[in-house]
>>> print(open('final-v8.cif').read())   # mmCIF, C-alpha atoms
data_data
loop_
_atom_site.label_atom_id
_atom_site.label_comp_id
_atom_site.auth_asym_id
_atom_site.auth_seq_id
_atom_site.Cartn_x
_atom_site.Cartn_y
_atom_site.Cartn_z
CA MET S 1 -11.39 -14.08 -26.52
CA LYS S 2 -12.48 -10.60 -25.44
CA LYS S 3 -16.08 -11.68 -24.99
CA ASP S 4 -15.16 -14.62 -22.74
CA VAL S 5 -12.64 -12.57 -20.75
CA TRP S 6 -15.20 -9.88 -20.01
CA LYS S 7 -18.07 -12.29 -19.41
CA TYR S 8 -16.30 -14.55 -16.92
CA GLY S 9 -14.20 -11.76 -15.40
CA LEU S 10 -17.35 -9.77 -14.65
CA LEU S 11 -19.24 -12.84 -13.40
CA SER S 12 -16.40 -13.64 -11.01
CA GLY S 13 -16.14 -9.99 -9.98
CA LEU S 14 -19.88 -9.71 -9.44
CA ALA S 15 -19.90 -12.83 -7.27
CA LEU S 16 -16.92 -11.52 -5.29
CA ALA S 17 -18.39 -8.03 -4.90
CA ILE S 18 -21.78 -9.32 -3.76
CA LEU S 19 -20.26 -11.73 -1.26
CA VAL S 20 -18.01 -9.00 0.14
CA ALA S 21 -20.91 -6.56 0.40
CA VAL S 22 -23.02 -9.14 2.24
CA THR S 23 -20.29 -10.16 4.69
CA VAL S 24 -18.64 -6.80 5.53
CA PRO S 25 -21.39 -5.72 7.97
CA PHE S 26 -20.67 -8.86 10.05
CA GLU S 27 -16.88 -8.44 10.22
CA HIS S 28 -17.08 -6.45 13.46
CA HIS S 29 -18.85 -9.34 15.19
CA THR S 30 -16.16 -11.94 14.63
CA ASN S 31 -12.53 -12.63 15.30
CA ALA S 32 -10.22 -10.86 12.82
CA ARG S 33 -8.47 -14.11 11.87
CA TRP S 34 -11.75 -15.84 11.11
CA ALA S 35 -12.90 -12.84 9.10
CA MET S 36 -9.69 -12.91 7.05
CA ALA S 37 -9.92 -16.66 6.47
CA PHE S 38 -13.54 -16.27 5.41
CA SER S 39 -12.73 -13.42 3.02
CA TYR S 40 -9.97 -15.42 1.33
CA THR S 41 -12.33 -18.40 1.03
CA ILE S 42 -14.85 -16.12 -0.66
CA MET S 43 -12.15 -14.97 -3.08
CA VAL S 44 -11.11 -18.50 -4.01
CA LEU S 45 -14.72 -19.56 -4.53
CA SER S 46 -15.49 -16.59 -6.77
CA PHE S 47 -12.26 -17.14 -8.68
CA LEU S 48 -13.46 -20.65 -9.55
CA ILE S 49 -15.71 -18.91 -12.07
CA VAL S 50 -12.51 -17.92 -13.88
CA PHE S 51 -11.55 -21.60 -14.08
CA VAL S 52 -14.89 -22.27 -15.76
CA GLY S 53 -14.28 -19.31 -18.08
CA VAL S 54 -10.85 -20.52 -19.20
CA LYS S 55 -12.24 -24.03 -19.74
CA HIS S 56 -15.12 -22.60 -21.79
CA TYR S 57 -12.67 -20.54 -23.86
CA ARG S 58 -10.45 -23.60 -24.42
CA ASP S 59 -13.34 -25.84 -25.41
CA THR S 60 -15.31 -23.43 -27.61
CA GLU S 61 -12.82 -20.94 -29.05
CA CYS S 62 -9.66 -23.04 -29.18
CA GLY S 63 -11.09 -26.35 -30.34
CA GLY S 64 -10.34 -28.14 -27.08
CA SER S 65 -6.64 -27.31 -26.85
CA ILE S 66 -4.80 -24.40 -25.29
CA THR S 67 -1.21 -23.65 -24.37
CA PHE S 68 -0.20 -22.88 -20.82
CA GLY S 69 0.71 -19.31 -21.81
CA ARG S 70 -2.60 -18.63 -23.53
CA ALA S 71 -4.58 -20.13 -20.65
CA LEU S 72 -2.55 -18.06 -18.21
CA ALA S 73 -3.13 -14.87 -20.20
CA VAL S 74 -6.89 -15.46 -20.45
CA GLY S 75 -7.15 -16.41 -16.78
CA ALA S 76 -5.03 -13.45 -15.64
CA LEU S 77 -7.15 -10.99 -17.61
CA MET S 78 -10.32 -12.46 -16.10
CA MET S 79 -8.73 -12.21 -12.66
CA LEU S 80 -7.80 -8.56 -13.19
CA ILE S 81 -11.40 -7.74 -14.09
CA SER S 82 -12.66 -9.67 -11.07
CA CYS S 83 -10.18 -7.90 -8.77
CA ALA S 84 -11.19 -4.52 -10.21
CA CYS S 85 -14.81 -5.32 -9.27
CA TYR S 86 -13.65 -6.16 -5.75
CA VAL S 87 -11.82 -2.84 -5.48
CA ALA S 88 -14.83 -0.94 -6.80
CA MET S 89 -17.12 -2.61 -4.25
CA TRP S 90 -14.68 -1.91 -1.41
CA GLU S 91 -14.51 1.77 -2.38
CA VAL S 92 -18.33 1.92 -2.40
CA LEU S 93 -18.44 0.24 1.00
CA MET S 94 -15.84 2.66 2.37
CA ALA S 95 -17.92 5.59 1.18
CA THR S 96 -21.11 4.20 2.75
CA VAL S 97 -21.08 1.58 5.52
CA GLU S 98 -17.35 1.53 6.34
CA LYS S 99 -16.71 5.28 6.59
CA ASN S 100 -14.50 4.86 9.67
CA PHE S 101 -12.58 1.82 8.43
CA ALA S 102 -9.15 3.46 8.25
CA HIS S 103 -9.52 5.05 11.67
CA GLU S 104 -10.79 1.85 13.31
CA TYR S 105 -8.10 -0.23 11.62
CA THR S 106 -5.30 2.09 12.70
CA ALA S 107 -6.73 2.34 16.23
CA GLY S 108 -6.44 -1.43 16.43
CA LEU S 109 -2.86 -1.28 15.19
CA VAL S 110 -1.99 1.39 17.78
CA LYS S 111 -3.54 -0.72 20.54
CA ARG S 112 -1.61 -3.77 19.35
CA ALA S 113 1.64 -1.75 19.35
CA GLN S 114 0.93 -0.49 22.87
CA ASN S 115 0.23 -4.03 24.10
CA SER S 116 3.31 -5.47 22.38
CA GLY S 117 5.74 -4.13 24.95
CA LEU S 118 7.17 -1.36 22.78
CA GLN S 119 8.06 1.71 24.80
CA GLY S 120 9.45 5.19 24.36
CA ALA S 121 10.78 6.19 20.96
CA SER S 122 10.03 2.78 19.40
CA LEU S 123 6.37 3.01 20.37
CA GLU S 124 6.11 6.60 19.19
CA ALA S 125 7.72 5.68 15.85
CA LYS S 126 5.27 2.81 15.37
CA ILE S 127 2.30 5.04 16.20
CA ALA S 128 3.57 7.70 13.77
CA GLU S 129 3.89 5.04 11.06
CA VAL S 130 0.33 3.88 11.69
CA ARG S 131 -1.02 7.45 11.61
CA LYS S 132 0.82 8.05 8.33
CA PHE S 133 -0.91 4.98 6.87
CA GLU S 134 -4.29 6.34 8.02
CA ALA S 135 -3.62 9.67 6.30
CA MET S 136 -2.46 7.97 3.10
CA TYR S 137 -5.46 5.62 3.09
CA SER S 138 -7.79 8.60 2.89
CA ASN S 139 -6.57 9.09 -0.69
CA PRO S 140 -8.88 6.94 -2.89
CA LEU S 141 -6.07 6.07 -5.32
CA TYR S 142 -3.90 4.81 -2.47
CA SER S 143 -6.74 2.87 -0.85
CA ALA S 144 -7.68 1.33 -4.22
CA ALA S 145 -4.09 0.24 -4.82
CA MET S 146 -3.83 -1.21 -1.31
CA THR S 147 -7.18 -2.97 -1.75
CA LEU S 148 -6.06 -4.47 -5.06
CA LEU S 149 -3.10 -6.05 -3.28
CA GLU S 150 -5.47 -8.24 -1.26
CA PRO S 151 -7.13 -10.35 -3.99
CA LEU S 152 -4.52 -10.00 -6.75
CA PRO S 153 -1.93 -12.49 -5.43
CA VAL S 154 -4.66 -15.06 -4.74
CA GLY S 155 -6.10 -14.45 -8.21
CA MET S 156 -2.76 -14.82 -9.95
CA VAL S 157 -2.04 -18.09 -8.13
CA MET S 158 -5.48 -19.28 -9.20
CA ALA S 159 -4.73 -18.22 -12.80
CA LEU S 160 -1.46 -20.21 -12.71
CA VAL S 161 -3.20 -23.28 -11.30
CA THR S 162 -6.00 -22.95 -13.86
CA ALA S 163 -3.52 -22.71 -16.74
CA GLY S 164 -1.63 -25.72 -15.44
CA ILE S 165 -4.75 -27.84 -15.11
CA LEU S 166 -6.45 -26.82 -18.35
CA ARG S 167 -3.50 -26.75 -20.76
CA ARG S 168 -3.98 -29.31 -23.47
CA LYS S 169 -2.02 -29.97 -26.62
CA PRO S 170 -3.95 -30.44 -29.86
CA GLU S 171 -4.57 -34.04 -30.74
CA ASP S 172 -2.65 -35.26 -33.77
CA GLY S 173 -5.14 -36.37 -36.32
#
>>> encode(input="final-v8.cif", output="structure tokens")
Amino acid sequence: MKKDVWKYGLLSGLALAILVAVTVPFEHHTNARWAMAFSYTIMVLSFLIVFVGVKHYRDTECGGSITFGRALAVGALMMLISCACYVAMWEVLMATVEKNFAHEYTAGLVKRAQNSGLQGASLEAKIAEVRKFEAMYSNPLYSAAMTLLEPLPVGMVMALVTAGILRRKPEDG
């Protein structure tokens, strides 16, 4: 199991990391909603490799049958490896091409708060909250944890769907 988990988890993570690295430079030239939709599409497509990995594990290591729980465990482990690759790539990108990400992101949030109609103490509180986020995001452990929260829910849903589709009881012989 370990071999398949690492193999397909790393393949999925490599695909995800490469696609993110290729698309990040273009994110400033597109609408934020389109960029987000595109990034989630990239995640789902790279997570399809995990589906293939669980199917391979079921067919080769488990004799063609696998329980829902076992398929979920294998898929979730592959997803965690894939998500860790995503986080690692994002941290590399933040240290190289996205050095001002936190500042630019929070500047956008401040502008949005100012344009939302908030005034006085409410606006100041929102701006202080945004600035606190920017300061916290400069800590690599915090930014890694926040980055992991982006692909992890999508990956776990994909692991659940994969387990549901690929579960198969052994045939009675």
>>> resolve_selection(input="final-v8.cif", expression="the PyMOL selection byres ((chain S and resi 90) around 10)", output="PDB file with C-alpha atoms, in the coordinates of the input")
ATOM      1  CA  ALA S  17     -18.390  -8.030  -4.900  1.00  0.00           C
ATOM      2  CA  VAL S  20     -18.010  -9.000   0.140  1.00  0.00           C
ATOM      3  CA  ALA S  21     -20.910  -6.560   0.400  1.00  0.00           C
ATOM      4  CA  VAL S  24     -18.640  -6.800   5.530  1.00  0.00           C
ATOM      5  CA  ALA S  84     -11.190  -4.520 -10.210  1.00  0.00           C
ATOM      6  CA  CYS S  85     -14.810  -5.320  -9.270  1.00  0.00           C
ATOM      7  CA  TYR S  86     -13.650  -6.160  -5.750  1.00  0.00           C
ATOM      8  CA  VAL S  87     -11.820  -2.840  -5.480  1.00  0.00           C
ATOM      9  CA  ALA S  88     -14.830  -0.940  -6.800  1.00  0.00           C
ATOM     10  CA  MET S  89     -17.120  -2.610  -4.250  1.00  0.00           C
ATOM     11  CA  GLU S  91     -14.510   1.770  -2.380  1.00  0.00           C
ATOM     12  CA  VAL S  92     -18.330   1.920  -2.400  1.00  0.00           C
ATOM     13  CA  LEU S  93     -18.440   0.240   1.000  1.00  0.00           C
ATOM     14  CA  MET S  94     -15.840   2.660   2.370  1.00  0.00           C
ATOM     15  CA  ALA S  95     -17.920   5.590   1.180  1.00  0.00           C
ATOM     16  CA  THR S  96     -21.110   4.200   2.750  1.00  0.00           C
ATOM     17  CA  GLU S  98     -17.350   1.530   6.340  1.00  0.00           C
ATOM     18  CA  SER S 143      -6.740   2.870  -0.850  1.00  0.00           C
ATOM     19  CA  ALA S 144      -7.680   1.330  -4.220  1.00  0.00           C
ATOM     20  CA  THR S 147      -7.180  -2.970  -1.750  1.00  0.00           C
ATOM     21  CA  LEU S 148      -6.060  -4.470  -5.060  1.00  0.00           C
TER      22      LEU S 148
END
>>> atom_distance(input="final-v8.cif", atom1="atom CA of S:Ser116", atom2="atom CA of S:Ala145")
28.8 Å
>>> resolve_selection(input="final-v8.cif", expression="the PyMOL selection byres ((chain S and resi 46-61) around 6)", output="number ranges by chain")
S: 8, 12, 15-16, 43-45, 62-66, 162
>>> residues_near_point(input="final-v8.cif", point="(-3.4, -18.7, -15.5)", cutoff="10 Å", atoms="all atoms listed in the file", output="PyMOL selection string")
chain S and resi 50-51+54+68-79+155-167
>>> closest_residue(input="final-v8.cif", among="S:Ala107, S:Leu80, S:Val22, S:Ala102", to="S:Ser138", atoms="all atoms listed in the file")
S:Ala102
>>> closest_residue(input="final-v8.cif", among="S:Pro170, S:Gly108, S:Gly9, S:Pro25", to="S:Glu134", atoms="all atoms listed in the file")
S:Gly108
>>> atom_distance(input="final-v8.cif", atom1="atom CA of S:Ile81", atom2="atom CA of S:Val5")
8.3 Å
>>> residues_around(input="final-v8.cif", residues="S:Val110", least_positions_apart="3", cutoff="9 Å", atoms="all atoms listed in the file", output="ChimeraX atom specification")
/S:105-107,113-115,123,126-127,130-131
>>> atom_distance(input="final-v8.cif", atom1="atom CA of S:Glu124", atom2="atom CA of S:Asn100")
22.8 Å
